[in-house]
>>> print(open('final_30.tsv').read())   # TSV, C-alpha atoms
chain	number	residue	atom	x	y	z
A	941	MET	CA	117.77	97.06	108.55
A	942	VAL	CA	120.18	95.97	105.81
A	943	GLU	CA	123.11	98.23	104.99
A	944	PHE	CA	125.77	98.11	102.30
A	945	THR	CA	128.85	96.49	103.78
A	946	ILE	CA	130.02	94.86	100.53
A	947	THR	CA	130.70	97.41	97.80
A	948	GLY	CA	132.85	98.12	94.77
A	949	GLU	CA	134.58	95.26	92.96
A	950	ALA	CA	133.72	92.83	95.77
A	951	LEU	CA	130.03	93.48	95.19
A	952	TRP	CA	130.31	93.03	91.41
A	953	THR	CA	132.22	89.80	91.94
A	954	ARG	CA	129.67	88.47	94.40
A	955	MET	CA	126.72	89.20	92.10
A	956	GLU	CA	128.40	87.67	89.05
A	957	ARG	CA	129.60	84.63	91.00
A	958	ALA	CA	126.08	83.89	92.26
A	959	VAL	CA	124.74	83.59	88.70
A	960	GLU	CA	127.74	81.63	87.46
A	961	LYS	CA	127.53	79.14	90.35
A	962	VAL	CA	123.94	78.24	89.45
A	963	ASN	CA	124.76	77.92	85.76
A	964	GLN	CA	127.75	75.71	86.54
A	965	ARG	CA	125.62	73.57	88.86
A	966	LEU	CA	123.20	72.98	85.99
A	967	ARG	CA	126.03	72.13	83.56
A	968	ASN	CA	127.62	69.70	86.04
A	969	THR	CA	124.30	68.00	86.78
A	970	VAL	CA	123.46	67.59	83.11
A	971	GLN	CA	126.90	66.12	82.44
A	972	ILE	CA	126.43	63.59	85.25
A	973	LEU	CA	122.97	62.60	84.00
A	974	GLU	CA	124.12	62.34	80.38
A	975	THR	CA	127.17	60.25	81.26
A	976	ALA	CA	125.04	57.92	83.41
A	977	GLN	CA	122.35	57.80	80.69
A	978	ILE	CA	119.59	58.57	83.19
A	979	PRO	CA	116.52	59.95	81.41
A	980	TYR	CA	115.73	63.44	82.71
A	981	ALA	CA	114.31	66.84	81.87
A	982	VAL	CA	115.52	70.22	83.04
A	983	VAL	CA	112.44	71.98	84.45
A	984	GLY	CA	111.73	75.07	86.54
A	985	GLY	CA	113.44	78.39	85.97
A	986	HIS	CA	116.18	77.01	83.72
A	987	ALA	CA	113.65	75.43	81.38
A	988	VAL	CA	111.80	78.76	81.23
A	989	ARG	CA	115.08	80.53	80.48
A	990	ALA	CA	115.85	78.13	77.63
A	991	TRP	CA	112.45	78.73	76.02
A	992	VAL	CA	112.46	82.50	76.62
A	993	ALA	CA	115.97	82.70	75.10
A	994	GLN	CA	114.44	81.53	71.82
A	995	VAL	CA	112.45	84.78	71.68
A	996	ASP	CA	114.27	87.53	73.60
A	997	GLU	CA	117.59	87.26	75.42
A	998	ALA	CA	116.89	90.51	77.28
A	999	ALA	CA	113.87	88.90	78.97
A	1000	LEU	CA	115.91	86.18	80.71
A	1001	ARG	CA	115.69	86.03	84.50
A	1002	THR	CA	118.20	84.42	86.80
A	1003	THR	CA	117.11	81.52	88.95
A	1004	GLN	CA	118.37	80.30	92.33
A	1005	ASP	CA	118.43	76.57	91.95
A	1006	VAL	CA	118.41	73.67	89.51
A	1007	ASP	CA	115.24	71.60	89.06
A	1008	ILE	CA	115.52	68.18	87.42
A	1009	LEU	CA	112.66	65.81	86.61
A	1010	ILE	CA	113.41	62.07	86.65
A	1011	ARG	CA	111.48	58.82	86.99
A	1012	PRO	CA	111.21	57.41	90.54
A	1013	ALA	CA	112.85	54.14	89.47
A	1014	ASP	CA	115.97	56.11	88.48
A	1015	LEU	CA	116.39	57.83	91.86
A	1016	PRO	CA	118.74	55.17	93.35
A	1017	ALA	CA	121.01	55.37	90.29
A	1018	LEU	CA	120.92	59.17	90.47
A	1019	ILE	CA	121.91	59.10	94.14
A	1020	ASP	CA	124.84	56.80	93.27
A	1021	VAL	CA	126.21	58.94	90.43
A	1022	MET	CA	125.67	62.27	92.14
A	1023	SER	CA	127.34	60.96	95.31
A	1024	ALA	CA	130.24	59.63	93.26
A	1025	ALA	CA	130.61	63.16	91.84
A	1026	GLY	CA	130.95	64.54	95.39
A	1027	LEU	CA	127.41	65.82	95.91
A	1028	GLN	CA	125.49	65.05	99.07
A	1029	HIS	CA	121.96	63.67	98.96
A	1030	ARG	CA	119.53	65.34	101.30
A	1031	GLN	CA	115.81	65.00	101.94
A	1032	SER	CA	113.78	67.92	103.17
A	1033	MET	CA	110.02	67.73	103.69
A	1034	GLY	CA	109.92	64.62	101.52
A	1035	ALA	CA	111.80	66.23	98.62
A	1036	ASP	CA	115.12	64.95	97.33
A	1037	MET	CA	117.97	67.34	96.60
A	1038	PHE	CA	121.72	67.37	96.18
A	1039	VAL	CA	124.09	69.92	97.69
A	1040	GLU	CA	127.80	70.51	97.33
A	1041	HIS	CA	128.55	70.92	101.04
A	1042	ALA	CA	126.88	69.85	104.28
A	1043	GLU	CA	126.26	73.50	105.20
A	1044	SER	CA	124.75	74.38	101.80
A	1045	SER	CA	121.20	75.71	101.88
A	1046	ALA	CA	118.30	74.45	99.79
A	1047	ARG	CA	118.81	77.53	97.60
A	1048	ASP	CA	122.17	76.09	96.55
A	1049	ALA	CA	120.75	72.70	95.63
A	1050	VAL	CA	119.81	70.51	92.72
A	1051	HIS	CA	116.13	69.76	93.38
A	1052	ILE	CA	114.71	66.48	92.13
A	1053	LEU	CA	111.09	66.16	90.99
A	1054	LEU	CA	109.73	62.67	90.39
A	1055	THR	CA	107.43	61.86	87.50
A	1056	GLY	CA	103.94	60.80	88.55
A	1057	GLN	CA	104.20	62.59	91.89
A	1058	SER	CA	102.82	66.01	92.69
A	1059	VAL	CA	102.95	68.80	95.22
A	1060	LYS	CA	99.85	69.24	97.38
A	1061	ASP	CA	96.70	68.96	95.25
A	1062	GLY	CA	98.42	69.51	91.91
A	1063	GLU	CA	98.49	67.33	88.84
A	1064	PRO	CA	101.10	64.54	88.73
A	1065	TYR	CA	104.39	65.60	87.20
A	1066	PRO	CA	104.64	64.47	83.57
A	1067	ASP	CA	107.02	61.83	82.30
A	1068	VAL	CA	110.43	62.89	80.98
A	1069	GLU	CA	109.34	61.68	77.54
A	1070	PRO	CA	108.51	63.13	75.16
A	1071	SER	CA	111.28	65.63	75.68
A	1072	THR	CA	112.70	68.52	73.73
A	1073	ARG	CA	116.40	68.24	73.14
A	1074	THR	CA	118.65	71.26	72.94
A	1075	GLU	CA	122.23	70.68	71.86
A	1076	SER	CA	123.22	70.62	75.52
A	1077	PHE	CA	120.37	69.16	77.56
A	1078	SER	CA	116.85	67.74	77.60
A	1079	THR	CA	113.85	69.72	78.73
A	1080	LEU	CA	110.09	69.41	78.40
A	1081	PRO	CA	108.05	70.46	75.39
A	1082	PHE	CA	106.84	74.03	75.74
A	1083	GLU	CA	103.18	73.18	76.38
A	1084	THR	CA	104.10	70.64	79.06
A	1085	LEU	CA	106.22	73.24	80.85
A	1086	ILE	CA	103.40	75.78	80.66
A	1087	ARG	CA	101.01	73.25	82.20
A	1088	MET	CA	103.45	72.58	85.05
A	1089	LYS	CA	103.84	76.32	85.71
A	1090	LEU	CA	100.08	76.91	85.68
A	1091	ASP	CA	99.53	73.92	87.95
A	1092	ALA	CA	102.13	75.02	90.53
A	1093	PHE	CA	101.07	78.69	90.22
A	1094	ARG	CA	103.41	80.00	92.90
A	1095	LEU	CA	104.42	83.63	92.61
A	1096	LYS	CA	107.60	82.75	90.70
A	1097	ASP	CA	105.59	80.57	88.31
A	1098	GLN	CA	103.19	83.45	87.70
A	1099	VAL	CA	106.12	85.79	86.99
A	1100	HIS	CA	107.57	83.29	84.49
A	1101	LEU	CA	104.20	82.98	82.80
A	1102	GLN	CA	103.71	86.75	82.70
A	1103	ASP	CA	107.09	87.10	81.02
A	1104	MET	CA	106.05	84.62	78.35
A	1105	ILE	CA	102.71	86.37	77.90
A	1106	SER	CA	104.49	89.70	77.43
A	1107	LEU	CA	106.65	88.10	74.72
A	1108	GLY	CA	103.62	86.68	72.90
A	1109	MET	CA	104.64	83.09	73.65
A	1110	ILE	CA	101.30	82.43	75.38
A	1111	ASP	CA	98.02	84.13	74.61
A	1112	GLU	CA	94.23	83.81	74.84
A	1113	SER	CA	94.20	80.98	72.29
A	1114	TRP	CA	95.84	78.66	74.84
A	1115	LYS	CA	92.77	78.56	77.09
A	1116	SER	CA	90.86	76.09	74.92
A	1117	ARG	CA	93.55	73.41	75.25
A	1118	LEU	CA	94.26	73.78	78.96
A	1119	GLY	CA	91.01	72.77	80.62
A	1120	GLU	CA	88.99	74.80	83.11
A	1121	LYS	CA	91.38	74.99	86.08
A	1122	LEU	CA	94.52	75.89	84.14
A	1123	GLY	CA	92.58	78.02	81.67
A	1124	ASP	CA	91.13	80.09	84.52
A	1125	ARG	CA	94.61	80.60	85.95
A	1126	LEU	CA	95.90	81.70	82.56
A	1127	GLN	CA	92.99	84.12	82.21
A	1128	LYS	CA	93.85	85.65	85.57
A	1129	LEU	CA	97.35	86.39	84.28
A	1130	LEU	CA	96.06	87.66	80.94
A	1131	ASP	CA	93.72	90.02	82.82
A	1132	THR	CA	96.56	91.38	84.98
A	1133	PRO	CA	99.64	91.35	82.72
A	1134	GLU	CA	101.68	93.55	85.06
A	1135	GLY	CA	100.95	91.32	88.06
>>> encode(input="final_30.tsv", output="structure tokens")
Amino acid sequence: MVEFTITGEALWTRMERAVEKVNQRLRNTVQILETAQIPYAVVGGHAVRAWVAQVDEAALRTTQDVDILIRPADLPALIDVMSAAGLQHRQSMGADMFVEHAESSARDAVHILLTGQSVKDGEPYPDVEPSTRTESFSTLPFETLIRMKLDAFRLKDQVHLQDMISLGMIDESWKSRLGEKLGDRLQKLLDTPEG
């Protein structure tokens, strides 16, 4: 059973620091990629946050890690520049990631997804181009991100999609452009908007 042992100002500090650490990890990673001119796209929860922020700031969710999509040919260069910045390259179950310390967990990592590869029986990850450029970083076009989320369809992907449905960013009209598999998954979420 978990009990409160951290309370008061220490608890506030810990909660705020957790969010800020992830945001700073994203900023640092983007700066490294931009400086090295390695084509990339921010994906995962941070990409969802960037798109949701366009509609409703109050609907933003925090996310644990940083997900970056790159081309496989750029992985050696990425390892070089991230290592030069003091990050440690790690492989876990065939996935590449970067951590700040040897004892860091996968939750505290920059996760690398490679274009053209996929997880399990999913569709191959898209290329980093075309991309959508914010003032600060590159991400995927909205529809491409939605397709990735529907393809992965883990619980956190479903929650992200439900958030966007609730904001009117995705609706029934999307089914016709998604194909049967992804369209059926979208319909499942449309039929159960509260999860």
>>> closest_residue(input="final_30.tsv", among="A:Phe1082, A:Trp1114, A:Trp952, A:Phe1077", to="Tyr980 (chain A)", atoms="only C-alpha atoms")
A:Phe1077
>>> closest_residue(input="final_30.tsv", among="A:Ile972, A:Leu1009, A:Val1039, A:Val992", to="Asp1067 (chain A)", atoms="all atoms listed in the file")
A:Leu1009
>>> closest_residue(input="final_30.tsv", among="A:Arg989, A:Arg1087, A:Arg957, A:His1100", to="Pro1064 (chain A)", atoms="only C-alpha atoms")
A:Arg1087
>>> atom_distance(input="final_30.tsv", atom1="CA of Leu1015 (chain A)", atom2="CA of Ala1092 (chain A)")
22.4 Å
>>> residues_around(input="final_30.tsv", residues="His1051 (chain A)", least_positions_apart="6", cutoff="7 Å", atoms="only C-alpha atoms", output="ChimeraX atom specification")
/A:1006-1008,1036-1038
>>> atom_distance(input="final_30.tsv", atom1="CA of Met1033 (chain A)", atom2="CA of Asp1097 (chain A)")
20.5 Å
>>> build_atoms(input="final_30.tsv", residues="region 1012-1026 of chain A", atoms="N, CA and C atoms", output="PDB file, in the coordinates of the input")
ATOM      1  N   PRO A1012     110.888  57.937  89.206  1.00  0.00           N
ATOM      2  CA  PRO A1012     111.210  57.410  90.540  1.00  0.00           C
ATOM      3  C   PRO A1012     112.145  56.214  90.526  1.00  0.00           C
ATOM      4  N   ALA A1013     111.997  55.333  89.541  1.00  0.00           N
ATOM      5  CA  ALA A1013     112.850  54.140  89.470  1.00  0.00           C
ATOM      6  C   ALA A1013     114.318  54.492  89.257  1.00  0.00           C
ATOM      7  N   ASP A1014     114.584  55.697  88.746  1.00  0.00           N
ATOM      8  CA  ASP A1014     115.970  56.110  88.480  1.00  0.00           C
ATOM      9  C   ASP A1014     116.602  56.846  89.651  1.00  0.00           C
ATOM     10  N   LEU A1015     115.842  57.080  90.725  1.00  0.00           N
ATOM     11  CA  LEU A1015     116.390  57.830  91.860  1.00  0.00           C
ATOM     12  C   LEU A1015     117.590  57.124  92.500  1.00  0.00           C
ATOM     13  N   PRO A1016     117.550  55.807  92.750  1.00  0.00           N
ATOM     14  CA  PRO A1016     118.740  55.170  93.350  1.00  0.00           C
ATOM     15  C   PRO A1016     119.992  55.335  92.496  1.00  0.00           C
ATOM     16  N   ALA A1017     119.854  55.194  91.183  1.00  0.00           N
ATOM     17  CA  ALA A1017     121.010  55.370  90.290  1.00  0.00           C
ATOM     18  C   ALA A1017     121.488  56.819  90.325  1.00  0.00           C
ATOM     19  N   LEU A1018     120.553  57.760  90.397  1.00  0.00           N
ATOM     20  CA  LEU A1018     120.920  59.170  90.470  1.00  0.00           C
ATOM     21  C   LEU A1018     121.688  59.458  91.760  1.00  0.00           C
ATOM     22  N   ILE A1019     121.217  58.910  92.863  1.00  0.00           N
ATOM     23  CA  ILE A1019     121.910  59.100  94.140  1.00  0.00           C
ATOM     24  C   ILE A1019     123.339  58.562  94.041  1.00  0.00           C
ATOM     25  N   ASP A1020     123.504  57.399  93.411  1.00  0.00           N
ATOM     26  CA  ASP A1020     124.840  56.800  93.270  1.00  0.00           C
ATOM     27  C   ASP A1020     125.766  57.702  92.457  1.00  0.00           C
ATOM     28  N   VAL A1021     125.301  58.173  91.297  1.00  0.00           N
ATOM     29  CA  VAL A1021     126.210  58.940  90.430  1.00  0.00           C
ATOM     30  C   VAL A1021     126.460  60.346  90.957  1.00  0.00           C
ATOM     31  N   MET A1022     125.464  60.945  91.571  1.00  0.00           N
ATOM     32  CA  MET A1022     125.670  62.270  92.140  1.00  0.00           C
ATOM     33  C   MET A1022     126.604  62.192  93.351  1.00  0.00           C
ATOM     34  N   SER A1023     126.452  61.150  94.163  1.00  0.00           N
ATOM     35  CA  SER A1023     127.340  60.960  95.310  1.00  0.00           C
ATOM     36  C   SER A1023     128.764  60.699  94.854  1.00  0.00           C
ATOM     37  N   ALA A1024     128.904  59.914  93.794  1.00  0.00           N
ATOM     38  CA  ALA A1024     130.240  59.630  93.260  1.00  0.00           C
ATOM     39  C   ALA A1024     130.908  60.907  92.736  1.00  0.00           C
ATOM     40  N   ALA A1025     130.093  61.883  92.332  1.00  0.00           N
ATOM     41  CA  ALA A1025     130.610  63.160  91.840  1.00  0.00           C
ATOM     42  C   ALA A1025     130.868  64.151  92.985  1.00  0.00           C
ATOM     43  N   GLY A1026     130.648  63.696  94.232  1.00  0.00           N
ATOM     44  CA  GLY A1026     130.950  64.540  95.390  1.00  0.00           C
ATOM     45  C   GLY A1026     129.789  65.346  95.926  1.00  0.00           C
TER      46      GLY A1026
END
